[in-house]
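Worksheet for the structure shown next.
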Amino acid sequence: MSDYLFSQFKANEFEALHKELSKVLDISPDKLQNLYEVMQQEFELEGYPDDRRLPRNIFHSHNENFQKCYEDALVIGVDIPSLLEKNNNISNKKTVVILGQDPLRKSDKKVEEIGIATPYALHLKSCREKLRSTRLYFDLIKVLLDAGYRVYLTDIFKVWVSEASCDDGIRLSKKDRTRFIQVLKTELEIFEPLAVVTWGKKASTAIKSIKLEVKHLEFPHPSGAANGAWRELMGKPPTRGNRIDFWQEKVLAHLSGL
């Protein structure tokens, strides 16, 4: 039996979440439920099971020029939100949101279908426990889980689009960015979070733009690219242990006062 529950949404939460996601992704409630169920089944499997794949037409841009870029893109990324909590029969846990930017993907050839995953791929055991970068992400999240919170992970933009000739990302159109921000605001209200934690400047800016009436905790992104920001914030080397210790001290102190 797993120590954690993966995306065990309450019925009203799932229905409301699907309603919001369906404003930007053409996906039925049954298909969305099936995606979560498969990920739940694979939650404790070793290795890296293949992403669930859906056709590109699950997303349609509201900008005609961007739609052409979308159709020509080398690779598309889509992450569905996920929910993690300790498997301890406690049903009234308070929720903390961790907000990232978008579902980055890499590929050296054109991928016609979209690989559906979750933020930081933490539905995969190997990403939680072995892969160096995402293991740190889970170590930070585990601090919250062990403290009795459930953690909702989502991205500002649920879709990531590459260029046609390489896997460098291109910016979504303004119309599409606005759509995703509007969905995000209602999406977060569904889960009534105690606080929203942002990883990185882009996520932080997005939260400030929608003026949520919840505590906003800002941290650098856990990726190695933000080591300089962590060093400056902590005043010490950004080792894995130092970041975990700093995170535990700061984030739990903030949450305990709410």
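Please note that chains go A, B, ... in the order of the structure tokens, that every chain numbers its residues from 1, and that ligands are numbered from 1 in the order shown.
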
Compile the contact shell of region 127-139 of chain A as a list in words: residues with an atom at most 8 Å away, counting only C-alpha atoms, same-chain residues fewer than 2 positions apart removed. Tyr120, Ala121, Leu122, His123, Leu124, Lys125, Ile141, Lys142, Val143, Pro222, Ser223, Gly224, Arg240 and Ile244 of chain A

Extract, using only C-alpha atoms, all DNA, RNA and protein residues at most 7 Å from region 47-59 of chain A, discarding same-chain residues fewer than 3 positions from it, and format them as a ChimeraX atom specification. /A:24-27,112-117,124,126

Can I get the selected residues back with N, CA, C and O atoms, as an mmCIF file, in the first residue's frame?
data_model
loop_
_atom_site.group_PDB
_atom_site.id
_atom_site.type_symbol
_atom_site.label_atom_id
_atom_site.label_comp_id
_atom_site.auth_asym_id
_atom_site.auth_seq_id
_atom_site.Cartn_x
_atom_site.Cartn_y
_atom_site.Cartn_z
ATOM 1 N N VAL A 24 -10.644 25.025 -21.836
ATOM 2 C CA VAL A 24 -9.420 25.162 -22.623
ATOM 3 C C VAL A 24 -8.979 23.853 -23.279
ATOM 4 O O VAL A 24 -8.181 23.861 -24.209
ATOM 5 N N LEU A 25 -9.497 22.718 -22.790
ATOM 6 C CA LEU A 25 -9.141 21.414 -23.350
ATOM 7 C C LEU A 25 -10.408 20.647 -23.688
ATOM 8 O O LEU A 25 -11.322 20.566 -22.867
ATOM 9 N N ASP A 26 -10.456 20.102 -24.883
ATOM 10 C CA ASP A 26 -11.613 19.320 -25.305
ATOM 11 C C ASP A 26 -11.435 17.887 -24.817
ATOM 12 O O ASP A 26 -10.861 17.039 -25.506
ATOM 13 N N ILE A 27 -11.903 17.646 -23.593
ATOM 14 C CA ILE A 27 -11.735 16.335 -22.979
ATOM 15 C C ILE A 27 -12.970 16.018 -22.150
ATOM 16 O O ILE A 27 -13.444 16.854 -21.371
ATOM 17 N N GLU A 112 3.252 13.616 -33.036
ATOM 18 C CA GLU A 112 1.924 14.042 -33.478
ATOM 19 C C GLU A 112 0.916 14.088 -32.327
ATOM 20 O O GLU A 112 0.117 15.016 -32.222
ATOM 21 N N GLU A 113 0.954 13.078 -31.461
ATOM 22 C CA GLU A 113 0.038 13.067 -30.331
ATOM 23 C C GLU A 113 0.658 13.786 -29.135
ATOM 24 O O GLU A 113 1.864 13.992 -29.067
ATOM 25 N N ILE A 114 -0.196 14.135 -28.185
ATOM 26 C CA ILE A 114 0.258 14.833 -26.982
ATOM 27 C C ILE A 114 0.418 13.834 -25.848
ATOM 28 O O ILE A 114 -0.501 13.062 -25.554
ATOM 29 N N GLY A 115 1.580 13.845 -25.221
ATOM 30 C CA GLY A 115 1.780 13.038 -24.027
ATOM 31 C C GLY A 115 1.191 13.748 -22.818
ATOM 32 O O GLY A 115 1.598 14.860 -22.484
ATOM 33 N N ILE A 116 0.209 13.134 -22.185
ATOM 34 C CA ILE A 116 -0.470 13.751 -21.047
ATOM 35 C C ILE A 116 0.217 13.312 -19.756
ATOM 36 O O ILE A 116 0.332 12.117 -19.469
ATOM 37 N N ALA A 117 0.673 14.281 -18.985
ATOM 38 C CA ALA A 117 1.354 13.974 -17.725
ATOM 39 C C ALA A 117 0.782 14.862 -16.624
ATOM 40 O O ALA A 117 -0.341 15.359 -16.733
ATOM 41 N N LEU A 124 4.773 9.519 -11.274
ATOM 42 C CA LEU A 124 5.711 8.426 -11.537
ATOM 43 C C LEU A 124 6.642 8.241 -10.344
ATOM 44 O O LEU A 124 7.297 9.188 -9.900
ATOM 45 N N SER A 126 9.519 6.819 -10.130
ATOM 46 C CA SER A 126 10.928 7.117 -10.409
ATOM 47 C C SER A 126 11.201 8.618 -10.418
ATOM 48 O O SER A 126 12.302 9.052 -10.076
#

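Going from CA of Val159 (chain A) to CA of Gln182 (chain A) covers 14.4 Å.
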
Polymer residues at most 10 Å from Pro103 (chain A), only C-alpha atoms, same-chain spacing of 4 or more positions, as a PyMOL selection string: chain A and resi 76-80+116-121+154-161

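You can rank A:Ala229, A:Pro220, A:His62, A:Val251 by their closest distance to Asp176 (chain A) using only C-alpha atoms, and at the top of that list sits A:His62.
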
Quick one: DSSP helix (DSSP H, G or I) residues in region 159-200 of chain A, as an mmCIF file with C-alpha atoms, in the first residue's frame?
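The file below, selection-v3.cif, is the result:
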data_model
loop_
_atom_site.group_PDB
_atom_site.id
_atom_site.type_symbol
_atom_site.label_atom_id
_atom_site.label_comp_id
_atom_site.auth_asym_id
_atom_site.auth_seq_id
_atom_site.Cartn_x
_atom_site.Cartn_y
_atom_site.Cartn_z
ATOM 1 C CA LYS A 174 -2.395 36.801 -25.649
ATOM 2 C CA LYS A 175 -5.962 35.533 -26.086
ATOM 3 C CA ASP A 176 -4.940 32.042 -24.994
ATOM 4 C CA ARG A 177 -2.902 33.283 -22.035
ATOM 5 C CA THR A 178 -5.944 35.253 -20.873
ATOM 6 C CA ARG A 179 -8.118 32.143 -21.147
ATOM 7 C CA PHE A 180 -5.734 30.096 -19.035
ATOM 8 C CA ILE A 181 -5.445 32.793 -16.368
ATOM 9 C CA GLN A 182 -9.250 32.981 -16.110
ATOM 10 C CA VAL A 183 -9.436 29.203 -15.725
ATOM 11 C CA LEU A 184 -6.668 29.236 -13.124
ATOM 12 C CA LYS A 185 -8.502 31.723 -10.923
ATOM 13 C CA THR A 186 -11.653 29.598 -10.740
ATOM 14 C CA GLU A 187 -9.639 26.385 -10.571
ATOM 15 C CA LEU A 188 -7.879 27.526 -7.421
ATOM 16 C CA GLU A 189 -11.137 28.661 -5.826
ATOM 17 C CA ILE A 190 -12.457 25.093 -6.166
ATOM 18 C CA PHE A 191 -9.873 23.782 -3.705
#

Top pick for closest residue to Arg150 (chain A), considering A:Ser82, A:Ser209, A:Ser28, A:Gln67 and counting only C-alpha atoms: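 Using only C-alpha atoms, Arg150 (chain A) sits closest to A:Ser82.
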
So, counting only C-alpha atoms, which residue among A:Asn12, A:Leu252, A:Leu144, A:Ala203 is closest to His221 (chain A)? A:Ala203

Selected residue, from A:Lys202, A:Val96, A:Pro238, A:Glu163, that lies nearest to Lys215 (chain A) when counting only C-alpha atoms: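 Counting only C-alpha atoms, the residue closest to Lys215 (chain A) is A:Val96.
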